[in-house]
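Listing of start.txt; format and content: compact mmCIF, N, CA and C atoms.
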# COMPACT_ATOMS: atom_id res chain seq x y z
N MET A 1 0.84 -1.17 0.00
CA MET A 1 0.00 0.00 0.00
C MET A 1 0.89 1.24 0.00
N ALA A 2 0.63 2.13 -0.93
CA ALA A 2 1.43 3.34 -1.06
C ALA A 2 0.99 4.41 -0.07
N LEU A 3 1.91 5.28 0.27
CA LEU A 3 1.63 6.42 1.13
C LEU A 3 0.62 7.32 0.45
N GLU A 4 -0.39 7.77 1.18
CA GLU A 4 -1.37 8.68 0.62
C GLU A 4 -0.78 10.09 0.65
N ILE A 5 -0.54 10.66 -0.51
CA ILE A 5 0.03 12.00 -0.59
C ILE A 5 -1.13 12.98 -0.69
N ARG A 6 -1.47 13.58 0.44
CA ARG A 6 -2.61 14.49 0.51
C ARG A 6 -2.23 15.87 -0.04
N PRO A 7 -3.21 16.57 -0.62
CA PRO A 7 -2.91 17.79 -1.38
C PRO A 7 -2.83 19.09 -0.60
N ASN A 8 -3.13 19.07 0.70
CA ASN A 8 -3.12 20.34 1.44
C ASN A 8 -2.80 20.13 2.92
N CYS A 9 -2.45 21.24 3.55
CA CYS A 9 -2.15 21.22 4.99
C CYS A 9 -3.44 21.03 5.77
N GLU A 10 -3.42 20.14 6.72
CA GLU A 10 -4.62 19.86 7.51
C GLU A 10 -4.84 20.88 8.62
N ASN A 11 -3.92 21.81 8.78
CA ASN A 11 -4.09 22.86 9.77
C ASN A 11 -4.61 24.14 9.12
N CYS A 12 -3.92 24.62 8.08
CA CYS A 12 -4.29 25.90 7.47
C CYS A 12 -4.97 25.78 6.12
N GLY A 13 -4.96 24.60 5.52
CA GLY A 13 -5.61 24.39 4.23
C GLY A 13 -4.76 24.75 3.03
N LYS A 14 -3.56 25.26 3.25
CA LYS A 14 -2.67 25.67 2.15
C LYS A 14 -2.34 24.45 1.27
N PRO A 15 -2.39 24.61 -0.06
CA PRO A 15 -2.00 23.51 -0.94
C PRO A 15 -0.52 23.16 -0.75
N VAL A 16 -0.20 21.88 -0.78
CA VAL A 16 1.19 21.42 -0.70
C VAL A 16 1.45 20.54 -1.91
N ALA A 17 2.52 20.84 -2.61
CA ALA A 17 2.85 20.11 -3.84
C ALA A 17 3.25 18.67 -3.54
N ALA A 18 2.84 17.78 -4.42
CA ALA A 18 3.15 16.36 -4.24
C ALA A 18 4.65 16.10 -4.20
N GLY A 19 5.43 16.88 -4.93
CA GLY A 19 6.88 16.68 -4.98
C GLY A 19 7.67 17.53 -4.01
N SER A 20 6.99 18.23 -3.12
CA SER A 20 7.68 19.13 -2.19
C SER A 20 8.32 18.37 -1.04
N ALA A 21 9.55 18.79 -0.72
CA ALA A 21 10.25 18.19 0.43
C ALA A 21 9.93 18.95 1.71
N LYS A 22 9.18 20.05 1.62
CA LYS A 22 8.86 20.87 2.80
C LYS A 22 7.44 20.58 3.27
N VAL A 23 7.13 19.32 3.41
CA VAL A 23 5.82 18.87 3.88
C VAL A 23 6.06 17.82 4.96
N TYR A 24 5.25 17.84 6.00
CA TYR A 24 5.42 16.92 7.12
C TYR A 24 4.17 16.07 7.32
N ILE A 25 4.37 14.86 7.83
CA ILE A 25 3.26 13.94 8.10
C ILE A 25 3.46 13.27 9.46
N CYS A 26 2.34 12.76 9.99
CA CYS A 26 2.41 11.94 11.21
C CYS A 26 2.25 10.48 10.78
N SER A 27 2.21 9.58 11.72
CA SER A 27 2.09 8.16 11.39
C SER A 27 0.72 7.80 10.80
N PHE A 28 -0.26 8.71 10.92
CA PHE A 28 -1.58 8.49 10.33
C PHE A 28 -1.70 9.21 8.99
N GLU A 29 -0.58 9.73 8.48
CA GLU A 29 -0.49 10.43 7.20
C GLU A 29 -1.21 11.77 7.19
N ARG A 30 -1.50 12.34 8.36
CA ARG A 30 -2.01 13.70 8.39
C ARG A 30 -0.89 14.59 7.86
N THR A 31 -1.25 15.53 7.03
CA THR A 31 -0.27 16.32 6.28
C THR A 31 -0.27 17.77 6.73
N TYR A 32 0.94 18.34 6.89
CA TYR A 32 1.09 19.72 7.33
C TYR A 32 2.16 20.43 6.52
N CYS A 33 1.91 21.71 6.20
CA CYS A 33 2.93 22.52 5.53
C CYS A 33 4.05 22.80 6.53
N ALA A 34 5.19 23.23 6.02
CA ALA A 34 6.35 23.49 6.88
C ALA A 34 6.05 24.58 7.90
N ASN A 35 5.36 25.63 7.50
CA ASN A 35 5.07 26.72 8.43
C ASN A 35 4.25 26.23 9.63
N CYS A 36 3.20 25.50 9.38
CA CYS A 36 2.37 25.00 10.49
C CYS A 36 3.15 24.00 11.35
N ALA A 37 3.83 23.05 10.71
CA ALA A 37 4.55 22.01 11.44
C ALA A 37 5.63 22.61 12.33
N GLU A 38 6.42 23.52 11.76
CA GLU A 38 7.57 24.05 12.49
C GLU A 38 7.21 25.18 13.45
N ASN A 39 6.33 26.09 13.03
CA ASN A 39 6.09 27.31 13.81
C ASN A 39 4.83 27.28 14.67
N LYS A 40 3.85 26.49 14.31
CA LYS A 40 2.60 26.48 15.07
C LYS A 40 2.41 25.20 15.89
N LEU A 41 2.88 24.09 15.36
CA LEU A 41 2.61 22.81 16.02
C LEU A 41 3.83 22.21 16.73
N ASN A 42 4.98 22.88 16.62
CA ASN A 42 6.21 22.39 17.27
C ASN A 42 6.50 20.94 16.93
N MET A 43 6.28 20.59 15.66
CA MET A 43 6.59 19.27 15.12
C MET A 43 5.80 18.13 15.79
N ARG A 44 4.59 18.46 16.26
CA ARG A 44 3.67 17.47 16.83
C ARG A 44 2.36 17.53 16.06
N CYS A 45 1.78 16.40 15.75
CA CYS A 45 0.52 16.34 15.02
C CYS A 45 -0.62 16.90 15.86
N ALA A 46 -1.41 17.76 15.25
CA ALA A 46 -2.56 18.35 15.94
C ALA A 46 -3.65 17.31 16.20
N GLY A 47 -3.67 16.24 15.42
CA GLY A 47 -4.70 15.22 15.57
C GLY A 47 -4.37 14.15 16.59
N CYS A 48 -3.16 13.60 16.49
CA CYS A 48 -2.80 12.47 17.36
C CYS A 48 -1.72 12.80 18.39
N GLY A 49 -1.06 13.95 18.23
CA GLY A 49 0.00 14.34 19.16
C GLY A 49 1.33 13.68 18.88
N GLY A 50 1.39 12.84 17.84
CA GLY A 50 2.64 12.17 17.50
C GLY A 50 3.63 13.09 16.79
N ALA A 51 4.83 12.62 16.64
CA ALA A 51 5.88 13.38 15.98
C ALA A 51 5.58 13.56 14.50
N LEU A 52 5.97 14.72 13.97
CA LEU A 52 5.87 14.97 12.54
C LEU A 52 7.24 14.75 11.91
N VAL A 53 7.25 14.09 10.77
CA VAL A 53 8.48 13.84 10.03
C VAL A 53 8.30 14.32 8.60
N GLN A 54 9.42 14.57 7.94
CA GLN A 54 9.36 15.03 6.56
C GLN A 54 8.72 13.95 5.70
N ARG A 55 7.75 14.36 4.87
CA ARG A 55 7.07 13.41 3.99
C ARG A 55 8.02 13.00 2.87
N PRO A 56 8.14 11.70 2.59
CA PRO A 56 9.00 11.26 1.49
C PRO A 56 8.51 11.83 0.16
N VAL A 57 9.44 12.07 -0.74
CA VAL A 57 9.09 12.58 -2.07
C VAL A 57 9.03 11.40 -3.04
N ARG A 58 7.93 11.29 -3.74
CA ARG A 58 7.75 10.24 -4.74
C ARG A 58 8.26 10.74 -6.08
N SER A 59 9.00 9.91 -6.79
CA SER A 59 9.55 10.31 -8.09
C SER A 59 8.42 10.62 -9.08
N ARG A 60 8.74 11.42 -10.10
CA ARG A 60 7.73 11.78 -11.11
C ARG A 60 7.15 10.55 -11.79
N ALA A 61 8.01 9.59 -12.08
CA ALA A 61 7.53 8.37 -12.75
C ALA A 61 6.52 7.63 -11.88
N LEU A 62 6.81 7.54 -10.59
CA LEU A 62 5.89 6.84 -9.70
C LEU A 62 4.66 7.68 -9.38
N LEU A 63 4.79 9.02 -9.41
CA LEU A 63 3.61 9.87 -9.24
C LEU A 63 2.63 9.66 -10.38
N ALA A 64 3.16 9.41 -11.58
CA ALA A 64 2.29 9.14 -12.73
C ALA A 64 1.54 7.82 -12.53
N LYS A 65 2.23 6.84 -11.98
CA LYS A 65 1.61 5.52 -11.76
C LYS A 65 0.74 5.51 -10.50
N TYR A 66 1.20 6.18 -9.47
CA TYR A 66 0.49 6.26 -8.19
C TYR A 66 0.31 7.74 -7.83
N PRO A 67 -0.71 8.39 -8.40
CA PRO A 67 -0.87 9.84 -8.22
C PRO A 67 -1.20 10.24 -6.78
N ALA A 68 -0.97 11.53 -6.52
CA ALA A 68 -1.31 12.08 -5.22
C ALA A 68 -2.82 11.98 -5.01
N ALA A 69 -3.21 11.93 -3.76
CA ALA A 69 -4.63 11.85 -3.41
C ALA A 69 -5.34 13.14 -3.78
N ASN A 70 -6.62 13.04 -4.03
CA ASN A 70 -7.41 14.25 -4.26
C ASN A 70 -8.31 14.50 -3.06
N ARG A 71 -8.14 13.71 -2.03
CA ARG A 71 -8.91 13.83 -0.80
C ARG A 71 -8.40 15.02 -0.01
N ASN A 72 -9.29 15.89 0.35
CA ASN A 72 -8.96 17.07 1.12
C ASN A 72 -8.98 16.73 2.60
N GLY A 73 -7.82 16.79 3.25
CA GLY A 73 -7.75 16.45 4.67
C GLY A 73 -7.96 17.64 5.58
N HIS A 74 -8.05 18.84 5.00
CA HIS A 74 -8.17 20.05 5.82
C HIS A 74 -9.47 20.05 6.61
N LYS A 75 -9.35 20.35 7.88
CA LYS A 75 -10.51 20.47 8.76
C LYS A 75 -10.84 21.96 8.90
N PRO A 76 -12.08 22.36 8.84
CA PRO A 76 -12.43 23.78 8.91
C PRO A 76 -11.91 24.50 10.15
N GLN A 77 -11.88 23.84 11.31
CA GLN A 77 -11.38 24.49 12.51
C GLN A 77 -9.87 24.32 12.54
N LYS A 78 -9.18 25.37 12.94
CA LYS A 78 -7.71 25.30 13.02
C LYS A 78 -7.31 24.58 14.30
N ALA A 79 -6.22 23.86 14.20
CA ALA A 79 -5.69 23.15 15.36
C ALA A 79 -5.08 24.16 16.33
N LYS A 80 -5.11 23.84 17.59
CA LYS A 80 -4.50 24.71 18.59
C LYS A 80 -2.99 24.59 18.50
N LYS A 81 -2.32 25.68 18.86
CA LYS A 81 -0.87 25.66 18.89
C LYS A 81 -0.44 24.74 20.03
N ILE A 82 0.48 23.84 19.74
CA ILE A 82 0.95 22.89 20.72
C ILE A 82 2.21 23.43 21.39
N LYS A 83 2.24 23.45 22.70
CA LYS A 83 3.39 23.95 23.45
C LYS A 83 4.46 22.87 23.54
N PRO A 84 5.74 23.29 23.52
CA PRO A 84 6.82 22.30 23.60
C PRO A 84 6.87 21.60 24.94
Just dump the structure as structure tokens.
Amino acid sequence: MALEIRPNCENCGKPVAAGSAKVYICSFERTYCANCAENKLNMRCAGCGGALVQRPVRSRALLAKYPAANRNGHKPQKAKKIKP
């Protein structure tokens, strides 16, 4: 089963490119832009509280075969800022 590459930040809703290295995920594949992950969430998932890690980048050839998800993971309410 391939990693689900979600198209936007689940905190702010900002689109994140499928090939971007500046995107973070948790173990449940919740997706966050670098600004939210680093500056608002202190590298902790707003949903599960787990650590955020850099999302792997899928090659162009494999993106063609296994495209990014079109499922919008953004939740209308913003996550609270997590304290270190």
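Every protein or nucleic acid residue with an atom no more than 8 Å from Tyr32 of chain A, counting only C-alpha atoms and leaving out same-chain residues fewer than 3 positions away, appears here: Asn8, Cys9, Glu10, Asn11, Val23, Tyr24, Ile25, Cys36 and Ala37 of chain A.
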Give me, as a tab-separated table (two decimals) with N, CA and C atoms, keeping the file's coordinate frame, all polymer residues having an atom no more than 12 Å from Glu38 of chain A, counting only C-alpha atoms and skipping those fewer than 3 positions away in the same chain.
chain	number	residue	atom	x	y	z
A	22	LYS	N	9.18	20.05	1.62
A	22	LYS	CA	8.86	20.87	2.80
A	22	LYS	C	7.44	20.58	3.27
A	23	VAL	N	7.13	19.32	3.41
A	23	VAL	CA	5.82	18.87	3.88
A	23	VAL	C	6.06	17.82	4.96
A	24	TYR	N	5.25	17.84	6.00
A	24	TYR	CA	5.42	16.92	7.12
A	24	TYR	C	4.17	16.07	7.32
A	25	ILE	N	4.37	14.86	7.83
A	25	ILE	CA	3.26	13.94	8.10
A	25	ILE	C	3.46	13.27	9.46
A	32	TYR	N	0.94	18.34	6.89
A	32	TYR	CA	1.09	19.72	7.33
A	32	TYR	C	2.16	20.43	6.52
A	33	CYS	N	1.91	21.71	6.20
A	33	CYS	CA	2.93	22.52	5.53
A	33	CYS	C	4.05	22.80	6.53
A	34	ALA	N	5.19	23.23	6.02
A	34	ALA	CA	6.35	23.49	6.88
A	34	ALA	C	6.05	24.58	7.90
A	35	ASN	N	5.36	25.63	7.50
A	35	ASN	CA	5.07	26.72	8.43
A	35	ASN	C	4.25	26.23	9.63
A	41	LEU	N	2.88	24.09	15.36
A	41	LEU	CA	2.61	22.81	16.02
A	41	LEU	C	3.83	22.21	16.73
A	42	ASN	N	4.98	22.88	16.62
A	42	ASN	CA	6.21	22.39	17.27
A	42	ASN	C	6.50	20.94	16.93
A	43	MET	N	6.28	20.59	15.66
A	43	MET	CA	6.59	19.27	15.12
A	43	MET	C	5.80	18.13	15.79
A	44	ARG	N	4.59	18.46	16.26
A	44	ARG	CA	3.67	17.47	16.83
A	44	ARG	C	2.36	17.53	16.06
A	45	CYS	N	1.78	16.40	15.75
A	45	CYS	CA	0.52	16.34	15.02
A	45	CYS	C	-0.62	16.90	15.86
A	51	ALA	N	4.83	12.62	16.64
A	51	ALA	CA	5.88	13.38	15.98
A	51	ALA	C	5.58	13.56	14.50
A	52	LEU	N	5.97	14.72	13.97
A	52	LEU	CA	5.87	14.97	12.54
A	52	LEU	C	7.24	14.75	11.91
A	53	VAL	N	7.25	14.09	10.77
A	53	VAL	CA	8.48	13.84	10.03
A	53	VAL	C	8.30	14.32	8.60
A	54	GLN	N	9.42	14.57	7.94
A	54	GLN	CA	9.36	15.03	6.56
A	54	GLN	C	8.72	13.95	5.70
A	81	LYS	N	-2.32	25.68	18.86
A	81	LYS	CA	-0.87	25.66	18.89
A	81	LYS	C	-0.44	24.74	20.03
A	82	ILE	N	0.48	23.84	19.74
A	82	ILE	CA	0.95	22.89	20.72
A	82	ILE	C	2.21	23.43	21.39
A	83	LYS	N	2.24	23.45	22.70
A	83	LYS	CA	3.39	23.95	23.45
A	83	LYS	C	4.46	22.87	23.54
A	84	PRO	N	5.74	23.29	23.52
A	84	PRO	CA	6.82	22.30	23.60
A	84	PRO	C	6.87	21.60	24.94
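Computed from the coordinates, the atom CA of Val57 of chain A to atom CA of Lys14 of chain A distance equals 18.1 Å.
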From A:Ala69, A:Phe28, A:Ala2, A:Cys48, residue lying nearest Val16 of chain A [only C-alpha atoms]:
A:Ala69
Taking only C-alpha atoms into account, which of A:Ala46, A:Thr31, A:Arg60, A:Lys40 comes nearest Pro15 of chain A?
A:Thr31
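Our summary of the geometry notes that atom CA of Pro56 of chain A is positioned 13.5 Å from atom N of Pro7 of chain A.
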How many Å separate atom C of Cys12 of chain A from atom N of Ala61 of chain A?
27.6 Å
